[in-house]
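The structure appears right after this line, and notes come after that.
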Amino acid sequence: MKIKALNGFKDIVPGEVELWQKVEATARDIFARFNFNEIRMPILEKTELFARSIGEATDIVEKEMYTFADKQITMRPEATASLLRAYIQHGLHVQKPIQRLFTIGPMFRHERPQKGRLRQFHQLDVEVLGTPNPRVDAELMAMGAMILEELGITVSLEMNSLGCPICRPVFREALLNFIDDRKDALCEDCARRSKTNPLRVLDCKNPTCRKQVEEAPSIQEHLCSECDEHFNAVQGGLTQLNVQYSLNKFMVRGLDYYTRTTFEFITKDLGAQAAVGAGGRYDGLVAKLGGPKVPGIGFAMGLERIILLLQQQEESADNTQIDIFVAGLGEKASELAFPLAHKLRGEGLFTAMDHEARSLKSQMKQANKVNARYVLIIGDNELEKGTAVLRNMESQEQQEIAITSLSTELLSIILPHSTGGNPAQTHDN
């Protein structure tokens, strides 16, 4: 019986991993343009960290976390809490008053696997700590939009404000009164959490619940003057940056720590899993976790969902090229080809080579599979003549090159037009 990966856990194999590398490289490039620094945190954390930050009444803490050691240790279900723990522990606010940080890696939730949603999933996460400026809110959303735009993914940006500890209690009371009149028509989950976390009722995906809250009060109508001013300034910043957005009064997000700005990047191409990325402001969370009283804002994007969107656009996962495939035919030719391939790689060419002494026909098939631009053929006949054959795989034209000057000639022909392919493809086949 074959041993397979656990349900909800997925291998990322060659042919697909190249898309992941493209997404990660695009994100890292844009993060650098926006002056973000990378941070890496461990996968295991104390369970208390997530209970205090995410909220004990959330679905994540109640149902979805992988916990160990009598529930004292948890595999991280999201990145923000871990990042803030590291920020506090290492006193990063002392080193630099405003920190702009990002991380990329796996997260874990024990929930039903479905399209674009696995038990081990990957996120890119960004956080800005130390400034309440609404321009930063707009800048972060613009950065997220830029990442998706440069990847060729079309989304819509939806935004809301959740207010602050001053104005949210007033809204919460109005919402509770509204829900109480309709509690009998709500699903079991909404009826249960209507007292502990009533804002989540607005976020329920159950069609019956959604219909019940269509006329629910909007928090935008209950914002205090400071939150209203902040919310208007964020919208003004998005307009300045030419970022299109819409307001969604039902957006509350599933985590307790959000205040003021919340936002989501929404796609119509993944069914129920519509959010490609989401985030918001959490001005009181750092202090709640034992750190300084500094504001913060961030967002995360789900890499699995981004990959699905790219695959649906029929973008090739293997869209890079090998510059040259070195086909050595026979032991003597392979002895020559082996160090030559290494030298070409050292000079910057993306190079593949067969080590199994296969036939020329077989090696040409391999060259096609790796999308090689050129194939260099060296066999016994070529050794006798003192020349190798270089074939242009696009035009099928061939030319002979003296073996004594192979590397020099190949570099002069190929290097000016090198594909700059993915380094992962330089491995031998």
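By convention here, the chains of the structure tokens are called A, B, ... in the order presented, each chain's residues are numbered starting at 1, and ligands are numbered starting at 1 in the order presented.
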
* Contacts of Phe231 in chain A at 8 Å (only C-alpha atoms; same-chain gap of 5+ positions) as a VMD selection string -> chain A and resid 134 161 260 to 261

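Neighbouring residues of Glu229 in chain A at 12 Å or closer, counting only C-alpha atoms and skipping chain neighbours under 4 positions away, are Asn133, Pro134, Ser161, Gly163, Gln220, Leu223, Cys224, Ser225, Ala233, Val234, Gln235, Gly236, Arg260 and Thr261 of chain A.
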
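Excluding Ile378 in chain A and any residue on its chain fewer than 4 positions from it, the residues at most 10 Å away by only C-alpha atoms are Val326, Ala327, Gly328, Leu329, Gly330, Lys332, Ala333, Ser334, Leu336, Ala337, Leu360, Glu382, Leu383, Gly386, Thr387, Ala388, Val389, Leu390 and Ile403 of chain A.
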
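Those residues that approach Pro207 in chain A to within 10 Å, counting only C-alpha atoms, are Leu186, Cys187, Lys211 and Gln212 of chain A; same-chain residues fewer than 4 positions away are not listed.
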